[in-house]
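A.B. asks: Sending over work-v3.txt (compact mmCIF, C-alpha atoms).
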```
# COMPACT_ATOMS: atom_id res chain seq x y z
CA MET A 792 17.16 29.72 -7.30
CA ILE A 793 14.73 27.03 -6.19
CA ARG A 794 16.40 23.93 -4.87
CA ILE A 795 14.82 20.66 -3.89
CA GLN A 796 16.47 17.63 -2.38
CA ARG A 797 16.63 14.83 -4.90
CA LEU A 798 15.30 11.41 -4.01
CA PRO A 799 17.93 8.71 -3.39
CA THR A 800 15.58 5.99 -4.75
CA HIS A 801 12.37 5.78 -6.70
CA LEU A 802 9.20 6.97 -5.01
CA ARG A 803 6.32 4.56 -4.55
CA PRO A 804 2.67 4.90 -5.66
CA LEU A 805 -0.36 4.15 -3.53
CA ALA A 806 -1.46 0.72 -4.73
CA LEU A 807 0.75 -2.15 -3.75
CA VAL A 808 -0.09 -5.33 -5.64
CA VAL A 809 -1.58 -5.99 -9.05
CA ALA A 810 -4.07 -8.76 -9.90
CA THR A 811 -3.30 -10.58 -13.13
CA ALA A 812 -6.87 -10.27 -14.39
CA ALA A 813 -6.61 -6.47 -14.41
CA LEU A 814 -2.99 -5.74 -13.86
CA LEU A 815 -3.07 -2.05 -13.10
CA SER A 816 -6.64 -1.61 -11.90
CA ALA A 817 -5.58 -1.26 -8.26
CA CYS A 818 -3.60 1.87 -9.04
CA SER A 819 -5.95 3.60 -11.48
CA THR A 820 -6.71 6.42 -9.05
CA PRO A 821 -4.14 9.22 -9.30
CA GLY A 822 -1.93 9.16 -6.23
CA PRO A 823 0.39 11.70 -4.68
CA THR A 824 3.73 10.07 -5.34
CA VAL A 825 6.03 9.49 -8.26
CA PRO A 826 9.18 7.52 -8.94
CA GLY A 827 12.29 9.71 -8.79
CA ALA A 828 13.68 8.62 -12.11
CA GLN A 829 17.25 9.54 -12.79
CA PRO A 830 17.94 11.71 -15.84
CA GLY A 831 18.60 9.58 -18.89
CA ILE A 832 17.09 6.41 -17.47
CA PHE A 833 15.04 6.04 -20.64
CA ALA A 834 16.52 5.96 -24.12
CA GLY A 835 15.89 8.76 -26.59
CA ALA A 836 15.89 12.53 -26.39
CA GLN A 837 13.67 14.17 -23.81
CA PRO A 838 11.62 17.27 -24.67
CA ALA A 839 12.54 20.54 -23.06
CA LYS A 840 11.21 20.84 -19.53
CA PRO A 841 9.48 23.94 -18.18
CA GLU A 842 11.10 26.05 -15.51
CA LEU A 843 10.76 24.87 -11.93
CA THR A 844 8.36 27.25 -10.21
CA PRO A 845 7.86 27.67 -6.45
CA GLN A 846 4.49 25.94 -6.68
CA MET A 847 6.01 23.05 -8.60
CA ALA A 848 8.83 22.78 -6.07
CA ALA A 849 6.30 22.64 -3.24
CA ALA A 850 4.44 19.88 -5.07
CA ALA A 851 7.65 17.91 -5.48
CA ASP A 852 8.43 18.33 -1.78
CA THR A 853 5.01 16.94 -0.90
CA LEU A 854 5.60 13.92 -3.12
CA ASN A 855 8.97 13.39 -1.52
CA LYS A 856 7.56 13.32 2.01
CA MET A 857 4.70 11.03 1.07
CA ALA A 858 7.12 8.62 -0.58
CA THR A 859 9.07 8.05 2.62
CA LEU A 860 5.94 6.91 4.41
CA GLN A 861 4.77 4.81 1.48
CA ASP A 862 8.08 3.03 1.23
CA ARG A 863 7.85 1.95 4.85
CA LEU A 864 4.20 0.93 4.50
CA TYR A 865 4.86 -1.31 1.49
CA ARG A 866 7.90 -2.91 3.07
CA VAL A 867 5.97 -3.82 6.21
CA ALA A 868 2.90 -5.03 4.31
CA ALA A 869 4.76 -7.31 1.88
CA PRO A 870 5.27 -10.38 4.14
CA LEU A 871 1.77 -10.03 5.57
CA LEU A 872 0.29 -10.27 2.08
CA ILE A 873 2.50 -13.05 0.73
CA ASP A 874 2.92 -15.27 3.80
CA ASN A 875 -0.80 -15.32 4.53
CA ALA A 876 -2.16 -16.27 1.10
CA GLU A 877 -3.28 -19.60 2.59
CA LEU A 878 -5.52 -17.80 5.07
CA CYS A 879 -6.90 -15.33 2.52
CA THR A 880 -9.23 -17.96 1.11
CA LYS A 881 -11.63 -15.45 -0.48
CA HIS A 882 -9.09 -12.73 -1.19
CA ALA A 883 -5.99 -14.53 -2.50
CA ARG A 884 -5.09 -13.89 -6.13
CA ASN A 885 -2.24 -14.51 -8.54
CA LEU A 886 -0.33 -11.23 -8.57
CA LEU A 887 2.57 -9.95 -10.60
CA GLY A 888 3.79 -7.94 -7.65
CA PHE A 889 4.59 -4.60 -9.28
CA THR A 890 2.90 -1.31 -10.06
CA ALA A 891 3.66 1.27 -12.71
CA LYS A 892 2.75 4.87 -13.50
CA ASN A 893 3.72 7.74 -15.75
CA ARG A 894 3.51 11.51 -15.38
CA HIS A 895 -0.17 11.51 -16.35
CA SER A 896 -1.02 9.57 -13.19
CA TYR A 897 -0.80 12.84 -11.27
CA PRO A 898 -2.94 15.99 -11.55
CA GLY A 899 -1.96 19.61 -12.09
CA PHE A 900 1.33 20.75 -10.59
CA TYR A 901 2.00 17.22 -9.39
CA ASN A 902 2.05 16.12 -13.02
CA GLU A 903 4.61 18.81 -13.79
CA ALA A 904 6.62 17.99 -10.68
CA ALA A 905 6.69 14.33 -11.69
CA HIS A 906 8.03 15.37 -15.09
CA VAL A 907 10.38 18.23 -14.26
CA VAL A 908 11.81 17.18 -10.93
CA PHE A 909 11.64 13.38 -11.11
CA GLY A 910 12.01 12.80 -14.83
CA MET A 911 8.78 10.93 -15.48
CA GLY A 912 7.54 10.93 -19.06
CA GLU A 913 4.95 9.27 -21.28
CA ARG A 914 6.12 5.70 -20.74
CA LEU A 915 4.91 3.66 -17.81
CA GLN A 916 7.62 3.21 -15.23
CA VAL A 917 7.81 0.60 -12.48
CA THR A 918 7.09 2.40 -9.23
CA ASN A 919 7.07 -0.48 -6.77
CA VAL A 920 8.19 -4.09 -6.69
CA LEU A 921 6.64 -6.14 -3.91
CA ALA A 922 9.39 -7.70 -1.81
CA GLY A 923 9.37 -11.49 -2.11
CA SER A 924 7.20 -11.50 -5.23
CA GLY A 925 7.88 -13.14 -8.57
CA ALA A 926 8.68 -9.72 -10.01
CA ALA A 927 11.34 -9.13 -7.37
CA LYS A 928 12.85 -12.59 -7.90
CA ALA A 929 12.91 -12.03 -11.68
CA GLY A 930 14.99 -8.89 -11.20
CA LEU A 931 12.43 -6.19 -11.98
CA ARG A 932 13.45 -2.87 -10.43
CA GLN A 933 11.85 0.42 -9.57
CA GLY A 934 12.47 2.82 -12.43
CA ASP A 935 12.35 0.19 -15.17
CA GLY A 936 10.41 1.40 -18.20
CA LEU A 937 7.70 -0.91 -19.53
CA VAL A 938 8.30 -1.43 -23.24
CA ALA A 939 6.36 -4.56 -24.25
CA ALA A 940 4.52 -7.60 -22.86
CA GLY A 941 4.48 -10.86 -24.77
CA GLY A 942 6.08 -9.05 -27.68
CA LYS A 943 3.25 -6.50 -27.88
CA PRO A 944 4.23 -2.83 -27.35
CA LEU A 945 2.79 -1.30 -24.21
CA PRO A 946 0.85 1.97 -24.48
CA GLU A 947 2.19 5.38 -23.55
CA GLY A 948 0.56 8.70 -22.79
CA PRO A 949 -2.46 9.82 -20.71
CA GLN A 950 -4.37 6.52 -21.02
CA ALA A 951 -1.37 4.20 -20.68
CA LEU A 952 -2.28 2.99 -17.20
CA SER A 953 -5.77 1.75 -18.07
CA GLN A 954 -4.76 0.45 -21.50
CA ALA A 955 -1.86 -1.60 -20.16
CA GLY A 956 -4.24 -3.84 -18.23
CA ALA A 957 -5.86 -4.85 -21.51
CA VAL A 958 -2.45 -6.05 -22.75
CA PHE A 959 -1.43 -7.90 -19.61
CA GLY A 960 -4.79 -9.56 -18.90
CA PRO A 961 -5.03 -11.92 -21.92
CA ILE A 962 -1.42 -13.01 -21.48
CA MET A 963 -1.86 -13.89 -17.83
CA ALA A 964 -5.14 -15.69 -18.54
CA LYS A 965 -3.18 -18.25 -20.56
CA GLN A 966 0.10 -18.63 -18.68
CA ALA A 967 1.69 -18.36 -15.24
CA THR A 968 4.46 -15.98 -16.30
CA LEU A 969 4.54 -12.62 -18.03
CA PRO A 970 7.20 -12.11 -20.75
CA LEU A 971 8.14 -8.49 -20.18
CA THR A 972 10.50 -6.23 -22.12
CA ILE A 973 11.85 -3.37 -20.05
CA GLU A 974 14.12 -0.40 -20.60
CA ARG A 975 16.88 0.24 -18.09
CA ASN A 976 19.83 2.62 -18.32
CA GLY A 977 19.18 3.27 -22.00
CA GLY A 978 19.02 -0.39 -23.05
CA THR A 979 16.29 -3.04 -23.26
CA ARG A 980 16.17 -6.48 -21.72
CA ASP A 981 13.66 -9.30 -21.45
CA LEU A 982 12.36 -10.69 -18.15
CA SER A 983 10.00 -13.51 -17.31
CA ILE A 984 7.78 -12.48 -14.38
CA PRO A 985 6.14 -15.42 -12.53
CA VAL A 986 2.88 -14.85 -10.68
CA THR A 987 2.85 -14.70 -6.89
CA ARG A 988 0.00 -16.01 -4.77
CA ALA A 989 -0.86 -13.39 -2.17
CA CYS A 990 -3.67 -11.62 -0.35
CA ALA A 991 -4.93 -9.19 -2.98
CA PHE A 992 -5.55 -6.16 -0.78
CA ALA A 993 -4.49 -2.79 -2.13
CA ILE A 994 -2.36 -1.03 0.49
CA GLU A 995 -3.08 2.70 0.65
CA LEU A 996 -1.47 5.60 2.47
CA GLY A 997 -4.01 8.08 3.82
CA ASN A 998 -2.99 11.70 3.40
CA ALA A 999 -4.36 12.88 6.74
CA ASP A 1000 -3.15 13.42 10.29
CA ASN A 1001 -5.97 11.65 12.12
CA VAL A 1002 -4.64 8.50 13.78
CA ASN A 1003 -6.65 5.80 12.08
CA ALA A 1004 -6.74 2.90 9.64
CA TYR A 1005 -9.57 1.86 7.34
CA ALA A 1006 -10.76 -1.39 5.71
CA ASP A 1007 -13.46 -1.39 3.02
CA GLY A 1008 -13.31 -5.05 2.06
CA GLY A 1009 -10.68 -4.75 -0.64
CA ARG A 1010 -8.33 -2.05 0.58
CA VAL A 1011 -6.21 -1.37 3.63
CA MET A 1012 -5.52 2.28 4.38
CA VAL A 1013 -3.22 3.59 7.11
CA THR A 1014 -3.18 7.33 7.64
CA ARG A 1015 -0.10 9.48 7.91
CA GLY A 1016 -1.08 10.21 11.51
CA MET A 1017 -1.16 6.52 12.39
CA MET A 1018 2.15 5.86 10.67
CA ASN A 1019 3.78 8.67 12.59
CA PHE A 1020 2.39 7.24 15.83
CA THR A 1021 3.94 3.81 15.28
CA GLN A 1022 7.47 3.63 16.64
CA ASN A 1023 8.81 0.68 14.64
CA ASP A 1024 7.91 -1.77 11.89
CA ASP A 1025 6.35 -4.27 14.30
CA GLU A 1026 3.88 -1.64 15.49
CA LEU A 1027 2.99 -0.67 11.94
CA ALA A 1028 2.53 -4.36 11.15
CA TYR A 1029 0.04 -4.62 14.03
CA VAL A 1030 -2.09 -1.96 12.31
CA VAL A 1031 -1.81 -3.42 8.82
CA ALA A 1032 -2.52 -7.00 9.98
CA ARG A 1033 -5.55 -6.01 12.02
CA THR A 1034 -6.99 -3.97 9.15
CA MET A 1035 -6.37 -6.90 6.80
CA ALA A 1036 -8.17 -9.16 9.27
CA HIS A 1037 -11.29 -6.98 9.19
CA ASN A 1038 -11.31 -7.32 5.39
CA MET A 1039 -10.81 -11.07 5.53
CA LEU A 1040 -13.69 -11.41 8.01
CA GLY A 1041 -16.01 -9.20 5.96
CA HIS A 1042 -16.61 -6.75 8.77
CA ALA A 1043 -16.95 -3.59 6.69
CA ALA A 1044 -19.88 -5.06 4.77
CA THR A 1045 -21.40 -6.65 7.87
CA GLN A 1046 -21.44 -3.33 9.69
CA ARG A 1047 -22.70 -1.52 6.57
CA ASN A 1048 -19.65 0.67 6.68
CA ALA A 1049 -18.12 -0.37 3.35
CA ALA A 1050 -19.54 2.45 1.22
CA THR A 1051 -18.72 5.10 3.82
CA ILE A 1052 -15.19 3.85 4.35
CA SER A 1053 -14.62 3.48 0.62
CA SER A 1054 -15.51 7.13 0.12
CA ILE A 1055 -13.10 8.11 2.89
CA ILE A 1056 -10.31 6.04 1.33
CA ASP A 1057 -11.04 7.51 -2.12
CA ASN A 1058 -10.77 10.95 -0.59
CA LEU A 1059 -7.64 10.42 1.51
CA ILE A 1060 -5.53 8.97 -1.31
CA ARG A 1061 -5.66 12.40 -2.94
CA VAL A 1062 -2.79 14.81 -2.53
CA THR A 1063 -5.16 17.44 -1.16
CA PRO A 1064 -8.08 15.55 0.41
CA ASP A 1065 -11.28 17.10 1.70
CA THR A 1066 -10.65 16.90 5.43
CA SER A 1067 -14.24 17.95 6.19
CA MET A 1068 -15.13 14.30 5.60
CA LEU A 1069 -13.30 13.50 8.84
CA ILE A 1070 -15.40 15.82 11.01
CA GLY A 1071 -17.12 13.96 13.82
CA SER A 1072 -17.39 10.22 13.22
CA GLY A 1073 -17.16 10.60 9.45
CA GLY A 1074 -20.29 8.49 9.26
CA ILE A 1075 -18.50 5.34 10.46
CA LYS A 1076 -20.31 3.11 12.91
CA ALA A 1077 -18.19 1.76 15.78
CA MET A 1078 -17.14 -1.87 15.40
CA PRO A 1079 -18.85 -4.25 17.89
CA ALA A 1080 -16.53 -5.70 20.54
CA GLU A 1081 -17.10 -9.26 19.30
CA SER A 1082 -16.07 -8.39 15.73
CA ASP A 1083 -13.04 -6.50 16.98
CA ALA A 1084 -11.95 -9.47 19.07
CA GLN A 1085 -12.27 -11.74 16.04
CA ALA A 1086 -10.04 -9.41 14.02
CA ASP A 1087 -7.44 -9.25 16.80
CA ARG A 1088 -7.24 -13.03 17.04
CA LEU A 1089 -6.80 -13.43 13.28
CA ALA A 1090 -4.30 -10.56 13.14
CA MET A 1091 -2.06 -12.29 15.69
CA TYR A 1092 -1.82 -15.31 13.38
CA LEU A 1093 -1.17 -13.12 10.34
CA LEU A 1094 1.66 -11.41 12.21
CA ALA A 1095 3.17 -14.66 13.49
CA ARG A 1096 3.14 -16.24 10.03
CA ALA A 1097 4.95 -13.16 8.68
CA ASP A 1098 7.55 -13.38 11.47
CA TYR A 1099 6.61 -10.18 13.23
CA ARG A 1100 7.03 -9.89 16.99
CA ILE A 1101 3.56 -10.54 18.37
CA GLU A 1102 4.42 -10.14 22.05
CA GLY A 1103 4.16 -6.36 21.83
CA ALA A 1104 0.77 -6.17 20.12
CA SER A 1105 -1.49 -5.65 23.14
CA GLY A 1106 0.92 -3.13 24.64
CA PHE A 1107 0.85 -1.08 21.43
CA TRP A 1108 -2.94 -0.96 21.29
CA LYS A 1109 -3.15 -0.04 24.98
CA ARG A 1110 -0.73 2.85 24.38
CA LEU A 1111 -2.77 4.02 21.38
CA THR A 1112 -6.00 3.87 23.39
CA ALA A 1113 -4.47 5.85 26.26
CA THR A 1114 -3.08 8.49 23.90
CA TYR A 1115 -6.12 8.76 21.61
CA PRO A 1116 -9.19 7.57 23.57
CA ALA A 1117 -12.65 7.08 22.10
CA SER A 1118 -13.44 10.74 22.78
CA VAL A 1119 -11.08 11.67 19.93
CA LEU A 1120 -13.54 11.50 17.03
CA ASN A 1121 -12.47 9.80 13.83
CA GLY A 1122 -9.55 8.26 15.63
CA TYR A 1123 -8.90 4.54 15.77
CA THR A 1124 -10.24 3.99 19.29
CA ALA A 1125 -13.49 5.80 18.46
CA ASN A 1126 -14.08 3.32 15.63
CA HIS A 1127 -12.85 0.33 17.70
CA PRO A 1128 -13.80 1.00 21.33
CA GLY A 1129 -13.97 -2.57 22.69
CA MET A 1130 -10.48 -2.63 24.17
CA ALA A 1131 -11.13 -5.12 26.98
CA ALA A 1132 -12.41 -7.80 24.61
CA ARG A 1133 -9.57 -7.02 22.22
CA VAL A 1134 -6.83 -7.51 24.81
CA ALA A 1135 -8.39 -10.78 25.97
CA ALA A 1136 -8.48 -12.03 22.36
CA MET A 1137 -4.85 -11.06 21.77
CA ASP A 1138 -3.65 -12.71 24.96
CA LYS A 1139 -5.54 -15.91 24.12
CA ALA A 1140 -4.17 -15.96 20.57
CA LEU A 1141 -0.64 -15.38 21.85
CA ALA A 1142 -0.92 -18.43 24.09
CA GLU A 1143 -2.32 -20.52 21.22
CA ILE A 1144 0.49 -19.52 18.89
CA ARG A 1145 3.17 -20.29 21.46
CA THR A 1146 1.67 -23.75 22.00
CA LYS A 1147 1.51 -24.45 18.27
CA ARG A 1148 5.06 -23.27 17.73
CA SER A 1149 6.38 -25.48 20.51
CA GLY A 1150 4.53 -28.44 19.06
CA ASN A 1151 5.64 -27.66 15.48
CA LYS A 1152 2.02 -27.34 14.41
CA PRO A 1153 0.76 -25.12 11.57
CA LEU A 1154 -0.06 -21.56 12.56
CA VAL A 1155 -3.69 -21.72 11.55
CA PRO A 1156 -6.38 -20.11 13.74
```
Could you take the file, read its structure, and then write that structure out as structure tokens?
C.D. replies:
Amino acid sequence: MIRIQRLPTHLRPLALVVATAALLSACSTPGPTVPGAQPGIFAGAQPAKPELTPQMAAAADTLNKMATLQDRLYRVAAPLLIDNAELCTKHARNLLGFTAKNRHSYPGFYNEAAHVVFGMGERLQVTNVLAGSGAAKAGLRQGDGLVAAGGKPLPEGPQALSQAGAVFGPIMAKQATLPLTIERNGGTRDLSIPVTRACAFAIELGNADNVNAYADGGRVMVTRGMMNFTQNDDELAYVVARTMAHNMLGHAATQRNAATISSIIDNLIRVTPDTSMLIGSGGIKAMPAESDAQADRLAMYLLARADYRIEGASGFWKRLTATYPASVLNGYTANHPGMAARVAAMDKALAEIRTKRSGNKPLVP
């Protein structure tokens, strides 16, 4: 008999926040994780499920492991996105703060694993609620089924994800809240979801063991290898904030790396990515020391405004550089080799922030 450990909570997808203009566009690419819906969470009879095969069980195990990392990544990213909307002048958007998927969001055996092991069906199901968002405050939960928006039934089936955006968009263009009907524990209820102003960067988990993080202007990706290297949430926040800062400063486009990095992100969000893309430099040009220092300075402010411990930032990056130096190709230091300028920028920003805090001044760089 094949046994697989059941998830204690719902698994998270790859995209983190949803812009009101195209609610689910950020999570249109099939990702490797699914919500672990409990049997009977949706009303109505469920069709007979196929037998759990060894390949399907292996797929479910992969989804399970990815979900643990994704959960941590979203939790750490949430305050950085919400608390820094003021600084994201070009990238702040009104967000609903939740994502949703159904079984058709996943290919092949992962589709079957989502259905058989985790109970996902045709209906879109909430897979993440951004902590501190309007959706969270309104009481939306992971696992809630999406029934209707503004009284209009929401689509189901293979095209539900893309079609749902067409329902949400017109509603949000006219009002600051989304009237949402959900299904929970076999019953329906109505919620009013207010928008949340936040930095509209999609937060992606990279399914690779290289220790790196990528910014393509609109997305922040942290690889599995980098997440495993970080020892606590503050260290992971250092990585997320610095990658956000590169996006905010437009560095990917400036260095003509955006297209290359976008292709790497598109590849690494897959369950089985093509790791040959990571051979050598992966086509990424190293960031100039001046640009890196700018990102470090801004990242320190992003971290401070989100109440992360900034005193350990330079120590973390020094440890990363010593462990994975620039000679390790397609590692973080190889892409960001200007460590001396970076440390100087972090130390200067730390002093600035301390002075502003003591004087009760706004934490604005």
A.B. asks: Could you name the residues that touch Ala999 (chain A) at 7 Å or less, counting only C-alpha atoms, but leaving out those on the same chain fewer than 4 positions away, as a list in words?
C.D. replies: Thr1014, Arg1015, Gly1016 and Leu1059 of chain A
A.B. asks: Which of these, A:Thr1124, A:Asn1058, A:Asn976, A:Thr1051, has the shortest distance to Gly1074 (chain A) once you count all atoms listed in the file?
C.D. replies: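 Answer, going by the shortest atom-to-atom distance: A:Thr1051.
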A.B. asks: Using only C-alpha atoms, pick whichever of A:Leu843, A:Gly948, A:His895, A:Ile1056 has the shortest atom-to-atom distance to Gly1073 (chain A).
C.D. replies: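 Between A:Leu843, A:Gly948, A:His895, A:Ile1056, the residue approaching Gly1073 (chain A) most closely is A:Ile1056.
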A.B. asks: Just how far from CA of Ala868 (chain A) is CA of Ile994 (chain A), in Å to one decimal?
C.D. replies: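 So the answer is 7.6 Å.
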A.B. asks: Suppose you want the space between CA of Lys892 (chain A) and CA of Leu915 (chain A); what is it in Å?
C.D. replies: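 Atom-to-atom, CA of Lys892 (chain A) to CA of Leu915 (chain A), that is 5.0 Å.
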A.B. asks: Counting only C-alpha atoms, write as a PyMOL selection string all protein and nucleic acid residues lying at most 12 Å from (-19.2, -10.7, 6.5) in the file's frame.
C.D. replies: chain A and resi 881+1007-1008+1036-1049+1082+1085-1086
A.B. asks: Suppose we keep C-alpha atoms; can you now write the selection as a JSON list (two decimals), keeping the file's coordinate frame?
C.D. replies:
```json
[["chain", "number", "residue", "atom", "x", "y", "z"],
["A", 881, "LYS", "CA", -11.63, -15.45, -0.48],
["A", 1007, "ASP", "CA", -13.46, -1.39, 3.02],
["A", 1008, "GLY", "CA", -13.31, -5.05, 2.06],
["A", 1036, "ALA", "CA", -8.17, -9.16, 9.27],
["A", 1037, "HIS", "CA", -11.29, -6.98, 9.19],
["A", 1038, "ASN", "CA", -11.31, -7.32, 5.39],
["A", 1039, "MET", "CA", -10.81, -11.07, 5.53],
["A", 1040, "LEU", "CA", -13.69, -11.41, 8.01],
["A", 1041, "GLY", "CA", -16.01, -9.20, 5.96],
["A", 1042, "HIS", "CA", -16.61, -6.75, 8.77],
["A", 1043, "ALA", "CA", -16.95, -3.59, 6.69],
["A", 1044, "ALA", "CA", -19.88, -5.06, 4.77],
["A", 1045, "THR", "CA", -21.40, -6.65, 7.87],
["A", 1046, "GLN", "CA", -21.44, -3.33, 9.69],
["A", 1047, "ARG", "CA", -22.70, -1.52, 6.57],
["A", 1048, "ASN", "CA", -19.65, 0.67, 6.68],
["A", 1049, "ALA", "CA", -18.12, -0.37, 3.35],
["A", 1082, "SER", "CA", -16.07, -8.39, 15.73],
["A", 1085, "GLN", "CA", -12.27, -11.74, 16.04],
["A", 1086, "ALA", "CA", -10.04, -9.41, 14.02]]
```
A.B. asks: Select, from A:Val908, A:Ala957, A:Ala869, A:Ala849, the residue with the minimum atom-to-atom distance to Gly923 (chain A), counting all atoms listed in the file.
C.D. replies: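 Closest candidate: A:Ala869.
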A.B. asks: Mind giving me the straight-line distance from CA of Val1002 (chain A) to CA of Tyr901 (chain A) in Å, one decimal?
C.D. replies: 25.6 Å
A.B. asks: Under the rule that only C-alpha atoms are counted, which of A:Ala850, A:Leu1069, A:Leu1154, A:Ala1080 is the nearest residue to Leu1120 (chain A)?
C.D. replies: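 Of A:Ala850, A:Leu1069, A:Leu1154, A:Ala1080, the one nearest Leu1120 (chain A), counting only C-alpha atoms, is A:Leu1069.
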A.B. asks: If we count all atoms listed in the file, what is near Ala1136 (chain A) at a cut-off of 8 Å, once residues fewer than 3 positions away on the same chain are taken out, given as a PyMOL selection string?
C.D. replies: chain A and resi 1084-1085+1087-1088+1132-1133+1139-1140
A.B. asks: Out of A:Ile1055, A:Ala922, A:Ala1131, A:Val1062, which residue has the shortest atom-to-atom distance to Glu1081 (chain A) when counting all atoms listed in the file?
C.D. replies: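 Selected residue with least distance to Glu1081 (chain A): A:Ala1131.
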A.B. asks: Fewer than 4 positions away in the same chain doesn't count, so skip those; otherwise give me all residues within 8 Å of Tyr1123 (chain A), counting all atoms listed in the file, as a PDB file with C-alpha atoms, in the frame of the given file.
C.D. replies:
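Below is the file part.pdb, written as the result:
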```
ATOM      1  CA  VAL A1002      -4.640   8.500  13.780  1.00  0.00           C
ATOM      2  CA  ASN A1003      -6.650   5.800  12.080  1.00  0.00           C
ATOM      3  CA  ALA A1004      -6.740   2.900   9.640  1.00  0.00           C
ATOM      4  CA  TYR A1115      -6.120   8.760  21.610  1.00  0.00           C
ATOM      5  CA  ALA A1117     -12.650   7.080  22.100  1.00  0.00           C
ATOM      6  CA  HIS A1127     -12.850   0.330  17.700  1.00  0.00           C
TER       7      HIS A1127
END
```
A.B. asks: Might I get the box with edges along x, y and z of the file that holds all atoms of region 1031-1049 of chain A listed there, padded by 5 Å on every side, given as centre and edge lengths in Å to one decimal, as lines of an AutoDock Vina configuration file?
C.D. replies:
```
center_x = -12.3
center_y = -5.4
center_z = 7.7
size_x = 30.9
size_y = 22.1
size_z = 18.7
```
A.B. asks: Which residues are close to region 1095-1097 of chain A, i.e. within 10 Å by all atoms listed in the file, leaving aside same-chain residues fewer than 5 positions away? Reply as a PyMOL selection string.
C.D. replies: chain A and resi 867-875+1028+1032+1090+1102+1141+1144-1145+1148+1153-1155
A.B. asks: Using only C-alpha atoms, please write the residues we just selected to a file, as an mmCIF file, in the frame of the given file.
C.D. replies:
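Written output follows (selection-v8.cif):
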```cif
data_model
loop_
_atom_site.group_PDB
_atom_site.id
_atom_site.type_symbol
_atom_site.label_atom_id
_atom_site.label_comp_id
_atom_site.auth_asym_id
_atom_site.auth_seq_id
_atom_site.Cartn_x
_atom_site.Cartn_y
_atom_site.Cartn_z
ATOM 1 C CA VAL A 867 5.970 -3.820 6.210
ATOM 2 C CA ALA A 868 2.900 -5.030 4.310
ATOM 3 C CA ALA A 869 4.760 -7.310 1.880
ATOM 4 C CA PRO A 870 5.270 -10.380 4.140
ATOM 5 C CA LEU A 871 1.770 -10.030 5.570
ATOM 6 C CA LEU A 872 0.290 -10.270 2.080
ATOM 7 C CA ILE A 873 2.500 -13.050 0.730
ATOM 8 C CA ASP A 874 2.920 -15.270 3.800
ATOM 9 C CA ASN A 875 -0.800 -15.320 4.530
ATOM 10 C CA ALA A 1028 2.530 -4.360 11.150
ATOM 11 C CA ALA A 1032 -2.520 -7.000 9.980
ATOM 12 C CA ALA A 1090 -4.300 -10.560 13.140
ATOM 13 C CA GLU A 1102 4.420 -10.140 22.050
ATOM 14 C CA LEU A 1141 -0.640 -15.380 21.850
ATOM 15 C CA ILE A 1144 0.490 -19.520 18.890
ATOM 16 C CA ARG A 1145 3.170 -20.290 21.460
ATOM 17 C CA ARG A 1148 5.060 -23.270 17.730
ATOM 18 C CA PRO A 1153 0.760 -25.120 11.570
ATOM 19 C CA LEU A 1154 -0.060 -21.560 12.560
ATOM 20 C CA VAL A 1155 -3.690 -21.720 11.550
#
```
